[in-house]
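Take a look at the structure below.
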Amino acid sequence: MSEPIKRLYRSPKDRKIAGVCGGFAAYMGIDPVIPRLIWVIFALAAGIGLLAYVVCWLVIPQAPEGSGGVSA
């Protein structure tokens, strides 16, 4: 029997701006502070983090109600 497919969504609960980092954290099963720090480092390093965040904001769908950012 196969495992259900894990999907990436923007988190509606753990969000500071758009829920992108909260969604990544829920998907990977880690603390949301880690992806947030990575985004900030990349944003300050070359500005690429800001562009990547906006792209993720546009591409990753909002999580369905009650899923908490990840759907299995």
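Ordered as shown in the structure tokens, chains take letters A, B, and onward, while each chain numbers its residues from 1 and ligands are numbered from 1 in the order shown.
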Any chance you could list, as number ranges by chain, the residues in segment 6-70 of chain A that come up alpha helix (DSSP H) when DSSP is run on the backbone?
A: 20-28, 33-46, 48-59
Selection to disk with N, CA, C and O atoms, as a short mmCIF file (atom, residue, chain, number, x, y, z; two decimals), in the first residue's frame:
data_model
loop_
_atom_site.label_atom_id
_atom_site.label_comp_id
_atom_site.auth_asym_id
_atom_site.auth_seq_id
_atom_site.Cartn_x
_atom_site.Cartn_y
_atom_site.Cartn_z
N VAL A 20 4.05 31.56 3.40
CA VAL A 20 4.96 30.73 2.62
C VAL A 20 5.91 29.96 3.53
O VAL A 20 6.04 28.74 3.41
N CYS A 21 6.57 30.65 4.44
CA CYS A 21 7.52 29.98 5.34
C CYS A 21 6.82 29.00 6.27
O CYS A 21 7.34 27.93 6.54
N GLY A 22 5.64 29.36 6.76
CA GLY A 22 4.87 28.45 7.59
C GLY A 22 4.47 27.20 6.83
O GLY A 22 4.46 26.09 7.38
N GLY A 23 4.13 27.35 5.56
CA GLY A 23 3.80 26.20 4.73
C GLY A 23 4.99 25.30 4.48
O GLY A 23 4.88 24.07 4.55
N PHE A 24 6.15 25.91 4.20
CA PHE A 24 7.37 25.11 4.02
C PHE A 24 7.72 24.37 5.30
O PHE A 24 8.12 23.21 5.27
N ALA A 25 7.59 25.04 6.43
CA ALA A 25 7.91 24.41 7.72
C ALA A 25 6.98 23.24 8.00
O ALA A 25 7.42 22.17 8.44
N ALA A 26 5.70 23.41 7.74
CA ALA A 26 4.74 22.32 7.96
C ALA A 26 5.04 21.15 7.01
O ALA A 26 4.96 19.99 7.40
N TYR A 27 5.40 21.46 5.78
CA TYR A 27 5.71 20.43 4.79
C TYR A 27 6.93 19.61 5.19
O TYR A 27 6.96 18.40 5.05
N MET A 28 7.96 20.31 5.73
CA MET A 28 9.19 19.62 6.11
C MET A 28 9.18 19.13 7.55
O MET A 28 10.09 18.42 7.96
N VAL A 33 10.67 29.06 12.22
CA VAL A 33 11.72 30.07 12.31
C VAL A 33 12.85 29.76 11.33
O VAL A 33 13.46 30.67 10.77
N ILE A 34 13.11 28.49 11.10
CA ILE A 34 14.22 28.10 10.21
C ILE A 34 14.00 28.59 8.78
O ILE A 34 14.88 29.26 8.22
N PRO A 35 12.85 28.31 8.13
CA PRO A 35 12.66 28.86 6.78
C PRO A 35 12.64 30.39 6.77
O PRO A 35 13.12 31.00 5.82
N ARG A 36 12.12 31.00 7.82
CA ARG A 36 12.09 32.46 7.86
C ARG A 36 13.50 33.04 7.88
O ARG A 36 13.80 34.02 7.19
N LEU A 37 14.38 32.44 8.67
CA LEU A 37 15.76 32.90 8.72
C LEU A 37 16.46 32.72 7.37
O LEU A 37 17.21 33.59 6.92
N ILE A 38 16.19 31.60 6.72
CA ILE A 38 16.78 31.34 5.40
C ILE A 38 16.31 32.39 4.39
O ILE A 38 17.11 32.93 3.63
N TRP A 39 15.00 32.71 4.38
CA TRP A 39 14.48 33.72 3.47
C TRP A 39 15.14 35.07 3.73
O TRP A 39 15.51 35.79 2.80
N VAL A 40 15.29 35.44 5.01
CA VAL A 40 15.89 36.73 5.34
C VAL A 40 17.35 36.78 4.89
O VAL A 40 17.80 37.78 4.32
N ILE A 41 18.09 35.71 5.13
CA ILE A 41 19.49 35.66 4.72
C ILE A 41 19.61 35.83 3.20
O ILE A 41 20.42 36.62 2.71
N PHE A 42 18.78 35.12 2.45
CA PHE A 42 18.83 35.24 0.99
C PHE A 42 18.36 36.62 0.53
O PHE A 42 18.86 37.14 -0.46
N ALA A 43 17.41 37.20 1.22
CA ALA A 43 16.93 38.53 0.85
C ALA A 43 18.01 39.58 1.08
O ALA A 43 18.18 40.49 0.27
N LEU A 44 18.75 39.45 2.17
CA LEU A 44 19.81 40.40 2.47
C LEU A 44 21.07 40.16 1.63
O LEU A 44 21.80 41.10 1.34
N ALA A 45 21.31 38.92 1.27
CA ALA A 45 22.53 38.57 0.53
C ALA A 45 22.53 39.16 -0.87
O ALA A 45 23.47 39.83 -1.27
N ALA A 46 21.51 38.92 -1.64
CA ALA A 46 21.51 39.39 -3.02
C ALA A 46 20.13 39.83 -3.49
O ALA A 46 19.94 40.12 -4.66
N ILE A 48 17.70 37.96 -3.85
CA ILE A 48 17.03 36.84 -4.51
C ILE A 48 15.96 36.22 -3.61
O ILE A 48 14.97 35.70 -4.10
N GLY A 49 16.13 36.32 -2.30
CA GLY A 49 15.15 35.78 -1.36
C GLY A 49 13.82 36.48 -1.48
O GLY A 49 12.77 35.86 -1.40
N LEU A 50 13.84 37.79 -1.68
CA LEU A 50 12.61 38.55 -1.84
C LEU A 50 11.87 38.14 -3.12
O LEU A 50 10.66 37.92 -3.10
N LEU A 51 12.62 38.00 -4.19
CA LEU A 51 12.01 37.57 -5.45
C LEU A 51 11.46 36.15 -5.33
O LEU A 51 10.34 35.87 -5.77
N ALA A 52 12.21 35.26 -4.70
CA ALA A 52 11.76 33.88 -4.51
C ALA A 52 10.50 33.83 -3.65
O ALA A 52 9.59 33.05 -3.91
N TYR A 53 10.43 34.67 -2.61
CA TYR A 53 9.26 34.70 -1.74
C TYR A 53 8.02 35.13 -2.52
O TYR A 53 6.96 34.52 -2.40
N VAL A 54 8.16 36.16 -3.32
CA VAL A 54 7.02 36.65 -4.11
C VAL A 54 6.57 35.59 -5.11
O VAL A 54 5.36 35.36 -5.29
N VAL A 55 7.51 34.92 -5.75
CA VAL A 55 7.16 33.85 -6.69
C VAL A 55 6.42 32.72 -5.96
O VAL A 55 5.39 32.24 -6.44
N CYS A 56 6.94 32.32 -4.80
CA CYS A 56 6.28 31.26 -4.02
C CYS A 56 4.88 31.70 -3.59
O CYS A 56 3.94 30.91 -3.59
N TRP A 57 4.74 32.96 -3.22
CA TRP A 57 3.45 33.51 -2.80
C TRP A 57 2.44 33.38 -3.94
O TRP A 57 1.28 33.06 -3.72
N LEU A 58 2.89 33.62 -5.16
CA LEU A 58 1.99 33.55 -6.31
C LEU A 58 1.71 32.12 -6.78
O LEU A 58 0.62 31.83 -7.28
N VAL A 59 2.69 31.23 -6.61
CA VAL A 59 2.58 29.88 -7.17
C VAL A 59 1.97 28.87 -6.19
O VAL A 59 1.18 28.02 -6.60
#
Running DSSP on the backbone, which parts of chain A land in strand (DSSP E), as number ranges by chain?
A: 7-8, 70-71
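Nearest-residue note for Gln62 of chain A: choosing from A:Ser2, A:Arg7, A:Pro12, A:Ile17, the minimum distance belongs to A:Pro12, counting only C-alpha atoms.
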One decimal, in Å: what's the spacing between atom CA of Asp31 of chain A and atom CA of Glu65 of chain A?
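Atom CA of Glu65 of chain A lies at a distance of 21.1 Å from atom CA of Asp31 of chain A.
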